[in-house]
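To be precise, the following lines are coords-v5.txt, and they hold compact mmCIF, C-alpha atoms.
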```
# COMPACT_ATOMS: atom_id res chain seq x y z
CA MET A 1 15.58 84.20 102.84
CA ALA A 2 16.98 87.65 102.11
CA THR A 3 17.64 89.87 105.11
CA ALA A 4 16.23 93.35 105.55
CA THR A 5 19.69 94.95 105.37
CA PRO A 6 19.55 97.92 102.94
CA LEU A 7 21.34 97.29 99.67
CA PRO A 8 24.06 99.61 98.37
CA LEU A 9 23.36 101.99 95.49
CA HIS A 10 22.74 100.28 92.13
CA ALA A 11 21.69 96.96 93.71
CA ALA A 12 18.55 95.74 91.99
CA PRO A 13 17.61 92.22 93.11
CA LEU A 14 14.90 90.65 91.02
CA ARG A 15 12.91 87.65 92.20
CA SER A 16 9.44 86.27 91.93
CA GLU A 17 7.17 87.47 94.73
CA ALA A 18 5.85 83.93 94.99
CA SER A 19 9.31 82.48 95.47
CA VAL A 20 9.78 80.76 98.80
CA ALA A 21 13.58 80.40 98.73
CA ILE A 22 16.29 82.36 96.94
CA PRO A 23 18.72 80.16 94.97
CA ALA A 24 22.28 79.89 96.25
CA ARG A 25 23.67 81.84 93.32
CA GLY A 26 22.69 85.26 92.05
CA ILE A 27 23.98 87.16 89.02
CA LEU A 28 25.77 90.50 88.94
CA VAL A 29 25.46 92.36 85.62
CA VAL A 30 28.21 94.96 85.17
CA ASP A 31 27.69 97.27 82.19
CA ASP A 32 27.44 101.03 81.80
CA HIS A 33 24.80 100.75 79.07
CA GLU A 34 21.35 100.70 80.64
CA LEU A 35 19.72 98.92 77.69
CA VAL A 36 22.19 96.05 77.97
CA ARG A 37 21.55 95.69 81.71
CA LEU A 38 17.78 95.85 81.24
CA GLY A 39 17.91 93.32 78.41
CA LEU A 40 19.99 90.84 80.41
CA ARG A 41 17.81 91.27 83.51
CA ALA A 42 14.65 90.60 81.51
CA LEU A 43 16.12 87.52 79.84
CA LEU A 44 17.53 86.10 83.06
CA LEU A 45 14.33 86.69 85.00
CA ALA A 46 12.24 85.14 82.24
CA GLU A 47 14.49 82.06 82.25
CA THR A 48 14.89 81.53 85.99
CA GLY A 49 11.95 83.33 87.55
CA SER A 50 13.63 83.66 90.94
CA VAL A 51 17.38 84.26 90.64
CA PRO A 52 18.43 87.60 92.16
CA VAL A 53 19.93 89.91 89.53
CA TYR A 54 22.08 92.82 90.67
CA GLU A 55 23.35 95.75 88.61
CA ALA A 56 26.52 97.81 88.54
CA ARG A 57 27.43 100.65 86.17
CA SER A 58 31.13 100.85 87.04
CA LEU A 59 33.95 98.67 88.32
CA ALA A 60 33.88 100.41 91.70
CA ASP A 61 30.16 99.64 92.06
CA ALA A 62 30.76 96.03 90.98
CA LEU A 63 33.50 95.51 93.56
CA ARG A 64 31.31 96.92 96.35
CA LEU A 65 28.28 94.85 95.34
CA TYR A 66 30.25 91.62 94.99
CA GLU A 67 31.81 92.10 98.43
CA PHE A 68 28.41 92.91 99.95
CA HIS A 69 26.85 89.75 98.47
CA LEU A 70 29.94 87.56 98.81
CA THR A 71 28.03 84.77 100.57
CA SER A 72 25.71 84.52 97.53
CA HIS A 73 28.57 83.20 95.34
CA LEU A 74 27.60 85.52 92.51
CA LEU A 75 28.15 84.82 88.85
CA VAL A 76 29.46 88.02 87.26
CA LEU A 77 28.65 89.16 83.72
CA LEU A 78 31.39 91.76 83.27
CA ASP A 79 31.71 94.32 80.49
CA LEU A 80 35.36 95.33 80.01
CA ASP A 81 34.75 98.95 79.00
CA LEU A 82 33.42 100.87 82.00
CA PRO A 83 33.60 104.55 83.01
CA ASP A 84 36.36 103.87 85.56
CA SER A 85 38.20 100.99 83.85
CA GLN A 86 38.99 99.97 80.28
CA GLY A 87 39.98 96.76 78.53
CA LEU A 88 41.62 93.77 80.13
CA ASP A 89 42.62 95.84 83.16
CA THR A 90 38.96 95.67 84.24
CA LEU A 91 39.18 91.90 84.60
CA VAL A 92 42.65 92.08 86.17
CA ARG A 93 41.38 94.40 88.91
CA PHE A 94 38.21 92.39 89.57
CA ARG A 95 40.02 89.05 89.72
CA ARG A 96 42.74 90.51 91.91
CA ALA A 97 40.08 91.61 94.41
CA PHE A 98 38.11 88.34 94.18
CA PRO A 99 40.30 85.49 92.86
CA ALA A 100 37.58 82.89 93.44
CA SER A 101 34.93 84.78 91.47
CA ARG A 102 33.23 83.22 88.45
CA VAL A 103 33.33 85.81 85.68
CA VAL A 104 31.85 85.72 82.20
CA VAL A 105 33.29 88.60 80.18
CA LEU A 106 31.04 90.59 77.86
CA SER A 107 32.82 92.64 75.22
CA GLY A 108 31.84 94.89 72.37
CA LYS A 109 35.14 93.95 70.72
CA ASP A 110 35.28 90.52 69.07
CA SER A 111 39.06 90.12 69.25
CA HIS A 112 40.91 86.81 69.33
CA ALA A 113 43.80 88.35 71.29
CA LEU A 114 41.37 89.85 73.79
CA MET A 115 39.66 86.48 74.16
CA GLN A 116 43.02 84.85 74.87
CA GLY A 117 43.77 87.45 77.53
CA VAL A 118 40.38 87.04 79.15
CA MET A 119 40.72 83.27 79.39
CA ALA A 120 44.33 83.41 80.55
CA LEU A 121 43.19 85.63 83.42
CA GLY A 122 40.71 83.02 84.61
CA ALA A 123 37.37 84.09 83.16
CA GLN A 124 34.77 81.37 82.65
CA ALA A 125 33.94 82.59 79.14
CA PHE A 126 34.33 85.40 76.63
CA LEU A 127 31.06 86.44 74.98
CA PRO A 128 31.15 89.25 72.39
CA LYS A 129 28.17 91.58 72.59
CA THR A 130 28.14 91.73 68.80
CA GLY A 131 25.83 88.71 68.91
CA HIS A 132 22.33 88.55 70.38
CA LEU A 133 22.01 88.88 74.16
CA GLY A 134 20.16 85.60 74.07
CA GLU A 135 23.53 83.94 73.47
CA VAL A 136 24.58 85.04 76.95
CA LEU A 137 21.46 83.50 78.45
CA ARG A 138 22.02 80.29 76.50
CA TYR A 139 25.59 80.01 77.77
CA VAL A 140 24.53 80.56 81.39
CA ARG A 141 21.73 78.02 81.04
CA ASP A 142 23.72 75.38 79.12
CA ASN A 143 26.56 75.49 81.66
CA ASP A 144 24.21 75.64 84.65
CA LEU A 145 26.30 78.50 86.04
CA VAL A 146 23.57 79.70 88.37
CA ALA A 147 22.85 76.38 90.04
CA LEU A 148 26.30 74.83 90.31
CA PRO A 149 28.72 75.73 93.13
CA ALA A 150 32.08 77.19 92.15
CA SER A 151 34.67 74.47 91.63
CA PRO A 152 38.40 74.79 90.91
CA SER A 153 38.13 71.70 88.71
CA THR A 154 35.63 73.35 86.37
CA ALA A 155 37.52 74.10 83.15
CA PRO A 156 36.97 77.59 81.73
CA VAL A 157 35.69 77.74 78.18
CA ALA A 158 36.31 80.53 75.69
CA VAL A 159 33.28 81.21 73.56
CA ARG A 160 33.38 83.46 70.52
CA THR A 161 29.81 83.85 69.39
CA THR A 162 28.60 85.00 65.97
CA PRO A 163 25.00 84.97 64.68
CA ALA A 164 25.69 81.70 62.88
CA THR A 165 28.33 79.82 64.86
CA ALA A 166 29.88 79.34 68.26
CA THR A 167 33.32 77.83 68.87
CA THR A 168 35.08 76.78 72.05
CA GLU A 169 38.72 76.41 72.97
CA LEU A 170 40.84 76.17 76.10
CA GLN A 171 43.49 78.78 76.86
CA PRO A 172 46.55 78.61 79.16
CA GLN A 173 46.24 80.45 82.46
CA LEU A 174 48.75 83.14 83.40
CA ASN A 175 50.64 82.78 86.65
CA VAL A 176 50.60 85.50 89.32
CA ARG A 177 53.84 87.12 88.12
CA GLN A 178 52.65 87.22 84.52
CA VAL A 179 49.39 88.87 85.59
CA GLU A 180 51.35 91.53 87.49
CA ILE A 181 53.61 92.25 84.54
CA LEU A 182 50.67 92.31 82.12
CA ASP A 183 48.92 94.81 84.39
CA TRP A 184 52.02 97.07 84.38
CA LEU A 185 52.32 96.72 80.60
CA LEU A 186 48.72 97.84 80.18
CA ALA A 187 49.52 100.82 82.41
CA GLY A 188 52.28 101.82 80.00
CA LYS A 189 55.25 100.95 82.22
CA SER A 190 58.64 100.37 80.57
CA ASN A 191 60.73 97.25 81.20
CA LYS A 192 62.97 99.30 83.49
CA GLU A 193 60.01 100.57 85.51
CA ILE A 194 58.53 97.07 85.75
CA ALA A 195 61.90 95.72 86.93
CA GLN A 196 61.96 98.31 89.71
CA LEU A 197 58.37 97.59 90.73
CA SER A 198 58.77 93.81 90.67
CA HIS A 199 62.34 93.68 92.05
CA LEU A 200 63.43 91.68 89.00
CA THR A 201 66.24 92.28 86.53
CA GLU A 202 65.37 93.93 83.22
CA GLY A 203 66.45 90.73 81.48
CA THR A 204 63.94 88.69 83.48
CA VAL A 205 61.21 91.22 82.76
CA LYS A 206 62.06 91.09 79.06
CA ASN A 207 61.70 87.30 79.14
CA HIS A 208 58.28 87.60 80.82
CA VAL A 209 57.18 90.16 78.21
CA SER A 210 58.35 87.86 75.39
CA THR A 211 56.34 85.00 76.91
CA LEU A 212 53.23 87.20 77.06
CA LEU A 213 53.66 88.22 73.43
CA LEU A 214 53.89 84.55 72.48
CA LEU A 215 50.81 83.60 74.54
CA PHE A 216 48.71 86.33 72.95
CA GLY A 217 50.01 85.79 69.43
CA VAL A 218 51.35 89.33 68.89
CA ARG A 219 54.79 90.61 67.90
CA SER A 220 55.22 93.74 69.98
CA ARG A 221 54.15 95.22 73.28
CA ALA A 222 52.34 97.96 71.36
CA GLN A 223 50.24 95.34 69.59
CA LEU A 224 49.60 93.61 72.90
CA ILE A 225 48.43 96.80 74.59
CA SER A 226 46.30 97.79 71.58
CA SER A 227 44.64 94.38 71.35
CA LEU A 228 43.77 94.24 75.04
CA LYS A 229 42.52 97.78 75.56
```
Spit out the file's structure as structure tokens when you get a sec.
Amino acid sequence: MATATPLPLHAAPLRSEASVAIPARGILVVDDHELVRLGLRALLLAETGSVPVYEARSLADALRLYEFHLTSHLLVLLDLDLPDSQGLDTLVRFRRAFPASRVVVLSGKDSHALMQGVMALGAQAFLPKTGHLGEVLRYVRDNDLVALPASPSTAPVAVRTTPATATTELQPQLNVRQVEILDWLLAGKSNKEIAQLSHLTEGTVKNHVSTLLLLFGVRSRAQLISSLK
């Protein structure tokens, strides 16, 4: 049963008053648009009836809430464009803080390159918000993401959803060094600056950047940054 410990600001657990036991997994909805959060909460509550649903309006709030409820093994529905973080860097920062987290990315931008980046960084799925919010609920339900415990063997699935179709595909995962270099690229660092920060030669950094361009299917670092922001 839930303890009486006060929740941090923006925590909004929802559960049926008649519920005897709280499920092992709750859901954290991270989005700065109130209507999106309210819509997802209503759908999730209608589907599950008793799963706790928490809210965060910013990345800082999301990090605090996830840490506070760490023992609940939360599933995270994460919007990439927040007041204090934009684009793929949002996922980079969240996954760096909580590498074992299960994150489903919500995005207002239906970009193939962005989807590739999201999956390479270890997200469970990429769900464009251009479709109906019910698609998010269907994905959570079909994959039993609330009931199942986190498992390293569970393969992530990229989902690009349109009103008519849904496709899935697997994406390669970036290694730790590639994630670091991608993060510096998104921050606008030059190869020379990245070499100094990573204690690598500029030639090695250039090779890593070339690999990232190949993985994301773009021809220049400018295209990479533009597609992932």
Report task. Give as a PyMOL selection string each residue that has an atom at most 12 Å from (41.6, 95.2, 79.6) in the file, counting all atoms listed in the file. Result -> chain A and resi 78-82+84-95+105-107+109+111+113-119+121+179+182-187+224-229
Query raised in the report: Which neighbours of A:His208 fall inside 10 Å, counting all atoms listed in the file, when residues of the same chain fewer than 4 positions from it are skipped, and could you give them as a PyMOL selection string?
Result: chain A and resi 177-178+181-182+191+202-204+212-214
Would you put the residues from that selection into a file with C-alpha atoms, as a PDB file, in the coordinates of the input?
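So selection33.pdb came out as:
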```
ATOM      1  CA  ARG A 177      53.840  87.120  88.120  1.00  0.00           C
ATOM      2  CA  GLN A 178      52.650  87.220  84.520  1.00  0.00           C
ATOM      3  CA  ILE A 181      53.610  92.250  84.540  1.00  0.00           C
ATOM      4  CA  LEU A 182      50.670  92.310  82.120  1.00  0.00           C
ATOM      5  CA  ASN A 191      60.730  97.250  81.200  1.00  0.00           C
ATOM      6  CA  GLU A 202      65.370  93.930  83.220  1.00  0.00           C
ATOM      7  CA  GLY A 203      66.450  90.730  81.480  1.00  0.00           C
ATOM      8  CA  THR A 204      63.940  88.690  83.480  1.00  0.00           C
ATOM      9  CA  LEU A 212      53.230  87.200  77.060  1.00  0.00           C
ATOM     10  CA  LEU A 213      53.660  88.220  73.430  1.00  0.00           C
ATOM     11  CA  LEU A 214      53.890  84.550  72.480  1.00  0.00           C
TER      12      LEU A 214
END
```
Query raised in the report: atom CA of A:Ser190 to atom CA of A:Lys206: how many Å, to one decimal?
Result: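 The value is 10.0 Å.
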Query raised in the report: Which is closest to A:Gly26 among A:Val76, A:Ala100, A:Val205, A:Ala46, if we use all atoms listed in the file?
Result: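 Using all atoms listed in the file, the shortest distance to A:Gly26 belongs to A:Val76.
Of note, atom CA of A:Ser220 and atom CA of A:Pro99 are spaced 28.5 Å apart.
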Query - Separation of atom CA of A:Leu77 from atom CA of A:Leu43 in Å - result: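 Result for atom CA of A:Leu43 versus atom CA of A:Leu77: 13.2 Å, one decimal.
Nearest to A:Leu197 of all the residues A:Arg221, A:Glu180, A:Arg37, A:Arg57 is A:Glu180, based on all atoms listed in the file.
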Query - Within 12 Å of A:Glu67 using only C-alpha atoms, minus same-chain residues under 6 positions, as a ChimeraX atom specification - result: /A:7-8,28,60-61,73-74,94,97-98,100-101
Mind giving me the axis-aligned box for stretch 107-118 of chain A with 4 Å on every side, centre plus edges in Å to one decimal, as AutoDock Vina command-line options?
```
--center_x 37.8 --center_y 89.9 --center_z 74.1 --size_x 20.0 --size_y 18.0 --size_z 18.1
```
